[in-house]
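**Q** Got final.txt for you, compact mmCIF, C-alpha atoms:
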# COMPACT_ATOMS: atom_id res chain seq x y z
CA MET A 1 -11.38 22.28 -18.77
CA ALA A 2 -12.30 23.93 -15.49
CA ALA A 3 -10.88 27.38 -16.24
CA GLY A 4 -11.93 28.46 -19.67
CA PHE A 5 -9.36 31.20 -20.09
CA ILE A 6 -6.46 28.78 -19.64
CA THR A 7 -5.38 27.30 -22.94
CA ASP A 8 -3.05 24.54 -23.97
CA VAL A 9 -0.61 27.25 -24.98
CA ASP A 10 -0.19 28.15 -21.31
CA LEU A 11 0.31 24.51 -20.45
CA ASP A 12 2.95 24.14 -23.15
CA ALA A 13 4.78 27.20 -21.87
CA VAL A 14 4.68 26.04 -18.27
CA ALA A 15 5.87 22.57 -19.26
CA ALA A 16 8.73 24.03 -21.29
CA VAL A 17 9.88 26.13 -18.34
CA LEU A 18 9.52 23.34 -15.81
CA ALA A 19 11.13 20.50 -17.75
CA PRO A 20 14.80 21.55 -17.41
CA ARG A 21 14.32 22.43 -13.77
CA LEU A 22 12.71 19.08 -13.04
CA ILE A 23 15.46 17.20 -14.86
CA SER A 24 18.15 19.08 -12.93
CA TYR A 25 16.43 18.45 -9.63
CA ALA A 26 15.96 14.75 -10.33
CA LEU A 27 19.53 14.46 -11.54
CA ALA A 28 20.78 15.91 -8.26
CA ARG A 29 18.57 13.51 -6.33
CA THR A 30 19.37 10.34 -8.28
CA GLY A 31 22.72 11.00 -9.97
CA SER A 32 21.44 9.42 -13.18
CA ARG A 33 20.44 11.39 -16.25
CA ALA A 34 18.21 8.64 -17.61
CA THR A 35 16.35 8.30 -14.33
CA ALA A 36 16.13 12.07 -14.04
CA GLU A 37 14.46 12.30 -17.44
CA ASP A 38 11.99 9.58 -16.50
CA ILE A 39 11.12 11.32 -13.25
CA ALA A 40 10.74 14.71 -14.92
CA GLN A 41 8.51 13.20 -17.57
CA GLU A 42 6.30 11.46 -15.03
CA ALA A 43 5.94 14.64 -13.00
CA LEU A 44 5.11 16.69 -16.09
CA ALA A 45 2.68 14.07 -17.37
CA ALA A 46 0.87 14.15 -14.04
CA LEU A 47 0.69 17.93 -14.29
CA VAL A 48 -0.66 17.72 -17.85
CA ARG A 49 -3.35 15.24 -16.85
CA ARG A 50 -4.40 17.30 -13.86
CA TRP A 51 -4.41 20.51 -15.92
CA ARG A 52 -6.58 19.06 -18.66
CA ARG A 53 -9.00 17.40 -16.27
CA ASP A 54 -9.47 20.01 -13.53
CA GLY A 55 -7.63 23.09 -14.74
CA PRO A 56 -4.24 24.30 -13.56
CA PRO A 57 -3.26 23.72 -9.92
CA ALA A 58 -2.69 26.74 -7.70
CA SER A 59 1.04 26.36 -8.20
CA PRO A 60 1.99 24.20 -11.18
CA ASP A 61 5.65 24.16 -10.24
CA ALA A 62 4.96 23.09 -6.65
CA PHE A 63 2.60 20.41 -7.98
CA ALA A 64 5.20 19.03 -10.39
CA PHE A 65 8.04 19.20 -7.87
CA ALA A 66 5.97 17.43 -5.23
CA ILE A 67 5.57 14.51 -7.62
CA ALA A 68 9.20 14.61 -8.72
CA LYS A 69 10.29 14.60 -5.07
CA ARG A 70 8.24 11.49 -4.34
CA ARG A 71 9.39 9.69 -7.48
CA ALA A 72 13.04 10.51 -6.78
CA SER A 73 12.77 9.17 -3.23
CA ARG A 74 11.13 6.01 -4.53
CA SER A 75 13.77 5.60 -7.21
CA ASN A 76 16.59 6.02 -4.68
CA ALA A 77 15.01 3.51 -2.36
CA ARG A 78 14.67 1.02 -5.21
CA ARG A 79 18.27 1.58 -6.22
CA LEU A 80 19.44 0.92 -2.67
CA VAL A 81 17.89 -2.50 -2.95
CA ILE A 82 19.39 -3.40 -6.31
CA ALA A 83 22.71 -1.52 -5.90
CA PRO A 84 24.59 -4.56 -4.58
CA LEU A 85 23.64 -6.47 -7.72
CA ASP A 86 24.93 -3.65 -9.91
CA VAL A 87 28.20 -3.53 -8.00
CA LEU A 88 28.65 -7.26 -8.44
CA ARG A 89 27.84 -7.08 -12.14
CA HIS A 90 30.35 -4.33 -12.83
CA ALA A 91 32.99 -5.86 -10.55
CA ALA A 92 32.66 -9.10 -12.47
CA HIS A 93 33.51 -7.27 -15.68
CA GLY A 94 36.22 -5.22 -13.97
CA GLU A 95 34.79 -1.97 -15.24
CA ARG A 96 32.67 0.97 -14.24
CA SER A 97 29.33 1.49 -15.87
CA PRO A 98 29.53 3.82 -18.86
CA GLU A 99 27.18 6.17 -17.09
CA GLN A 100 29.35 6.21 -13.99
CA ALA A 101 32.46 6.81 -16.06
CA ALA A 102 30.87 9.78 -17.76
CA VAL A 103 29.69 11.23 -14.47
CA ASP A 104 33.10 10.82 -12.88
CA ARG A 105 34.71 12.89 -15.58
CA SER A 106 32.48 15.86 -15.17
CA GLU A 107 31.93 18.77 -12.91
CA LEU A 108 28.71 17.04 -12.00
CA ALA A 109 30.62 14.40 -10.05
CA GLY A 110 32.19 17.04 -7.82
CA VAL A 111 28.93 18.81 -7.18
CA LEU A 112 27.06 15.60 -6.48
CA SER A 113 29.80 14.48 -4.13
CA ALA A 114 29.70 17.80 -2.27
CA MET A 115 25.92 17.62 -2.14
CA ARG A 116 26.03 14.20 -0.54
CA ALA A 117 27.95 15.70 2.39
CA LEU A 118 24.98 17.92 3.25
CA ARG A 119 22.21 16.91 5.57
CA ARG A 120 19.37 15.33 3.68
CA ARG A 121 16.76 17.98 4.43
CA ASP A 122 19.23 20.83 3.93
CA ARG A 123 20.11 19.40 0.54
CA GLU A 124 16.46 19.00 -0.39
CA ALA A 125 15.66 22.60 0.55
CA LEU A 126 18.63 23.95 -1.37
CA LEU A 127 17.76 21.93 -4.46
CA LEU A 128 14.14 23.02 -4.47
CA ARG A 129 15.31 26.62 -4.13
CA ALA A 130 18.37 26.79 -6.36
CA VAL A 131 17.30 24.34 -9.06
CA GLY A 132 13.56 24.17 -8.66
CA GLU A 133 13.29 27.94 -8.15
CA LEU A 134 10.37 27.48 -5.80
CA ALA A 135 9.34 30.18 -3.33
CA PHE A 136 10.14 29.63 0.34
CA ASP A 137 6.53 29.06 1.32
CA ARG A 138 6.09 26.43 -1.40
CA ILE A 139 9.24 24.65 -0.26
CA ALA A 140 8.01 24.83 3.33
CA SER A 141 4.73 23.29 2.26
CA LEU A 142 6.47 20.51 0.35
CA MET A 143 8.79 19.76 3.26
CA HIS A 144 6.11 20.10 5.93
CA THR A 145 7.94 22.85 7.77
CA THR A 146 7.96 26.63 8.08
CA PRO A 147 9.43 29.16 5.65
CA ALA A 148 11.79 30.37 8.39
CA ALA A 149 13.12 26.85 8.87
CA VAL A 150 13.52 26.50 5.11
CA LYS A 151 15.56 29.71 4.93
CA MET A 152 17.77 28.49 7.73
CA ARG A 153 18.34 25.14 6.04
CA ILE A 154 19.11 26.73 2.68
CA SER A 155 21.53 29.18 4.21
CA ARG A 156 23.37 26.41 6.06
CA ALA A 157 23.41 24.21 2.96
CA ARG A 158 24.89 26.99 0.84
CA ARG A 159 27.67 27.66 3.31
CA ARG A 160 28.59 24.00 3.61
CA LEU A 161 28.35 23.37 -0.11
CA ALA A 162 30.56 26.38 -0.85
CA ALA A 163 33.11 25.10 1.64
CA ALA A 164 33.02 21.58 0.22
CA LEU A 165 33.41 22.77 -3.37
CA SER A 166 36.24 25.04 -2.33
CA GLU A 167 38.01 22.10 -0.69
CA GLN A 168 37.59 20.07 -3.86
CA ASN A 169 39.13 22.86 -5.92
CA ASP A 170 42.05 23.13 -3.53
CA GLY A 171 42.58 19.38 -3.71
CA ARG A 172 42.64 19.41 -7.50
CA ARG A 173 45.11 22.27 -7.58
CA THR A 174 47.36 20.44 -5.12
CA ARG A 175 47.27 17.26 -7.20
CA THR A 176 48.06 19.03 -10.44
CA ALA A 177 50.84 21.16 -8.90
CA MET B 178 15.05 35.66 -5.27
CA ASP B 179 13.34 37.06 -2.24
CA ASP B 180 15.32 38.36 0.72
CA GLU B 181 18.43 36.31 0.11
CA LEU B 182 21.51 38.20 1.15
CA GLU B 183 24.11 35.53 0.62
CA PRO B 184 26.12 35.42 -2.58
CA LEU B 185 24.38 33.00 -4.89
CA ASP B 186 27.38 31.78 -6.84
CA VAL B 187 26.92 28.39 -5.20
CA ASP B 188 23.44 28.24 -6.69
CA ALA B 189 24.78 29.23 -10.07
CA ARG B 190 27.43 26.54 -9.92
CA LEU B 191 24.85 24.01 -8.86
CA ARG B 192 22.56 24.94 -11.74
CA ALA B 193 25.41 24.85 -14.23
CA ALA B 194 26.56 21.41 -13.12
CA LEU B 195 23.07 19.98 -13.15
CA ALA B 196 21.88 21.72 -16.30
CA ALA B 197 19.72 19.59 -18.55
CA ASP B 198 20.49 19.60 -22.22
CA ASP B 199 17.91 21.15 -24.50
CA ASP B 200 17.17 17.96 -26.42
CA ALA B 201 16.35 16.08 -23.25
CA ALA B 202 14.09 18.86 -22.04
CA ARG B 203 12.27 19.02 -25.38
CA ARG B 204 11.85 15.26 -25.42
CA VAL B 205 10.44 15.26 -21.90
CA VAL B 206 8.00 18.06 -22.69
CA ALA B 207 6.82 16.42 -25.91
CA GLN B 208 6.22 13.06 -24.26
CA ALA B 209 4.48 14.61 -21.27
CA LEU B 210 2.16 16.65 -23.47
CA ALA B 211 1.35 13.59 -25.57
CA VAL B 212 -0.17 11.71 -22.63
CA ARG B 213 -3.84 11.04 -22.62
CA ASP B 214 -5.81 10.65 -19.48
CA GLU B 215 -6.10 6.86 -19.58
CA ARG B 216 -6.83 6.39 -15.93
CA PRO B 217 -10.47 5.86 -15.09
CA GLN B 218 -12.11 8.94 -13.73
CA ARG B 219 -12.34 8.86 -9.98
CA PRO B 220 -15.79 9.50 -8.61
CA ARG B 221 -16.21 13.09 -7.56
CA PRO B 222 -16.03 13.65 -3.81
CA MET B 223 -19.74 14.55 -3.58
CA ALA B 224 -20.73 11.43 -5.49
CA ALA B 225 -18.50 9.35 -3.27
CA VAL B 226 -20.05 10.87 -0.14
CA ALA B 227 -23.57 10.34 -1.48
CA GLY B 228 -22.75 6.72 -2.31
CA ALA B 229 -21.31 6.14 1.15
CA VAL B 230 -24.40 7.66 2.82
CA ALA B 231 -26.71 5.53 0.67
CA ALA B 232 -24.75 2.39 1.53
CA LEU B 233 -24.87 3.32 5.21
CA LEU B 234 -28.63 3.85 5.13
CA LEU B 235 -29.11 0.59 3.31
CA ALA B 236 -27.01 -1.26 5.85
CA ALA B 237 -28.84 0.39 8.76
CA GLY B 238 -32.24 -0.45 7.23
CA GLY B 239 -31.19 -4.03 6.72
CA GLY B 240 -30.00 -4.26 10.31
CA VAL B 241 -33.26 -2.87 11.68
CA TRP B 242 -35.33 -5.20 9.53
CA LEU B 243 -33.23 -8.18 10.60
CA SER B 244 -33.48 -7.34 14.30
CA ARG B 245 -37.26 -6.85 14.03
CA SER B 246 -37.74 -10.07 12.19
CA ARG B 247 -35.77 -11.89 14.88
CA SER B 248 -37.59 -10.37 17.84
CA ALA B 249 -41.10 -10.69 16.35
CA PRO B 250 -43.23 -13.59 17.73
CA MET B 251 -43.42 -16.61 15.55
CA PRO B 252 -46.53 -16.62 13.42
CA PRO B 253 -49.08 -19.21 14.50
CA ALA B 254 -48.66 -22.53 12.85
CA PRO B 255 -51.18 -23.24 10.15
CA PRO B 256 -54.03 -25.46 11.34
CA ALA B 257 -53.48 -29.09 10.82
CA ARG B 258 -54.81 -30.13 7.50
CA ALA B 259 -57.86 -32.31 7.67
CA LEU B 260 -57.10 -35.78 6.50
CA SER B 261 -58.88 -36.59 3.28
CA LEU B 262 -61.01 -39.60 2.84
CA ALA B 263 -61.22 -41.79 -0.21
CA ILE B 264 -64.44 -43.55 -0.78
CA SER B 265 -64.62 -46.51 -3.10
CA GLY B 266 -66.80 -49.50 -3.59
CA GLN B 267 -69.73 -50.74 -5.51
CA GLY B 268 -73.18 -51.64 -4.64
CA PRO B 269 -74.54 -51.21 -1.21
CA MET B 270 -71.04 -51.45 0.42
CA VAL B 271 -68.48 -48.67 0.26
CA VAL B 272 -64.95 -48.58 1.58
CA VAL B 273 -63.88 -45.38 3.25
CA GLU B 274 -60.11 -44.99 3.42
CA ARG B 275 -58.29 -42.29 5.30
CA GLU B 276 -54.85 -40.95 4.34
CA ASP B 277 -53.26 -42.58 7.35
CA GLY B 278 -54.39 -45.96 6.18
CA ARG B 279 -57.39 -46.54 8.35
CA ARG B 280 -60.40 -48.01 6.51
CA TRP B 281 -64.02 -48.44 7.17
CA ILE B 282 -66.38 -50.61 5.24
CA VAL B 283 -69.78 -49.16 5.26
CA GLY B 284 -72.76 -51.12 4.07
CA ALA B 285 -76.31 -50.26 3.49
CA PRO B 286 -78.34 -50.17 6.60
CA PRO B 287 -79.86 -53.51 7.19
CA PRO B 288 -83.54 -53.92 7.09
CA PRO B 289 -85.01 -52.66 10.19
CA ARG B 290 -84.89 -55.29 12.78
CA GLY B 291 -84.97 -55.27 16.41
CA GLY B 292 -81.75 -53.41 17.24
CA GLY B 293 -81.44 -51.21 14.18
CA TYR B 294 -77.65 -50.67 14.06
CA VAL B 295 -74.84 -50.51 11.59
CA ILE B 296 -71.74 -52.69 11.85
CA VAL B 297 -68.51 -51.00 10.95
CA PHE B 298 -65.44 -53.20 10.42
CA PRO B 299 -62.13 -51.54 10.70
CA LYS B 300 -59.83 -53.30 8.31
Please render this file's structure as structure tokens.
**A**
Amino acid sequence: MAAGFITDVDLDAVAAVLAPRLISYALARTGSRATAEDIAQEALAALVRRWRRDGPPASPDAFAFAIAKRRASRSNARRLVIAPLDVLRHAAHGERSPEQAAVDRSELAGVLSAMRALRRRDREALLLRAVGELAFDRIASLMHTTPAAVKMRISRARRRLAAALSEQNDGRRTRTA
Amino acid sequence: MDDELEPLDVDARLRAALAADDDAARRVVAQALAVRDERPQRPRPMAAVAGAVAALLLAAGGGVWLSRSRSAPMPPAPPARALSLAISGQGPMVVVEREDGRRWIVGAPPPPRGGGYVIVFPK
């Protein structure tokens, strides 16, 4: 190990803190809990390998989220390709996938739907901040932009998301009334 | 969170909706920590640079050697090999045979007579 004072205990603690945040982030990006777990695990495994080989990176959370971000993008791109096949398969059986049915019933569906209305980069910045809990400069580095631009994107995303969620709530109340 | 003035209830709602369950998080951590570094070690940057420089030098040396060997004058051809002679025969007559097939029959010099010469018959 490169840094002798860093022990596996530190790595365990960092991994334990990062895992739920990575899962949440990947869930927001992909909409699938199974995929989110896979992505979180891959990102953490990469962090573990790097840590054991060369010592901890300057920012373990930024390191892990950079990998999770790439994996999520790749997973979404792959799903875009095979999505038509999935639609056909479920249409043939006249049913929704069990996963989709579960998602539709939950609060998650509303949040994911509202998130989809945001601009892609605004959504990414908000997720890395609110779920990933990364500092502005780390987010800026991950998104190849400036911290000021990140703050602006996050602020705009919050306003729009709040408005979208509020509209959803109003709609539900109207339907139940 | 640093210098964020907006109410963060949206963030809280986002986190609550996306929250991972504890079992999943524990599973992910356990599997991630169980990984071994199976990938072959990449060469260190310095080693890679040294290797590249060595390869470059080797290639440059080879190029120089090749260009010199092409531009150098051709070495002189080896001198033509002298044709060997085979000598056979019995008695006072011998047959001298060259590699290219030419033959001479050489006899003992005749007793001295007027002219005193030797007759050579090419065969």
**Q** Report as a ChimeraX atom specification the set of chain B residues whose atoms approach chain A to within 8 Å, with distances computed over all atoms listed in the file.
**A** /B:183,187-189,191-192,194-199,201-203,205-206,208-210,212-214
**Q** In Å, how far is it from CA of Val241 (chain B) to CA of Ala227 (chain B)?
**A**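 Separation of CA of Val241 (chain B) and CA of Ala227 (chain B): 21.0 Å.
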**Q** Mind giving me the straight-line distance from CA of Ser75 (chain A) to CA of Thr146 (chain A) in Å, one decimal?
**A**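 For CA of Ser75 (chain A) relative to CA of Thr146 (chain A), the distance reads 26.6 Å.
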**Q** How far is it from CA of Ala68 (chain A) to CA of Asp122 (chain A), in Å with one decimal?
**A** 17.3 Å
**Q** Kindly provide, as AutoDock Vina command-line options, the centre and edge lengths (Å, one decimal) of an axis-aligned box around all atoms of region 10-22 of chain A given in the file, with 3 Å on each side.
**A**
--center_x 7.3 --center_y 23.6 --center_z -18.1 --size_x 21.0 --size_y 15.1 --size_z 16.1
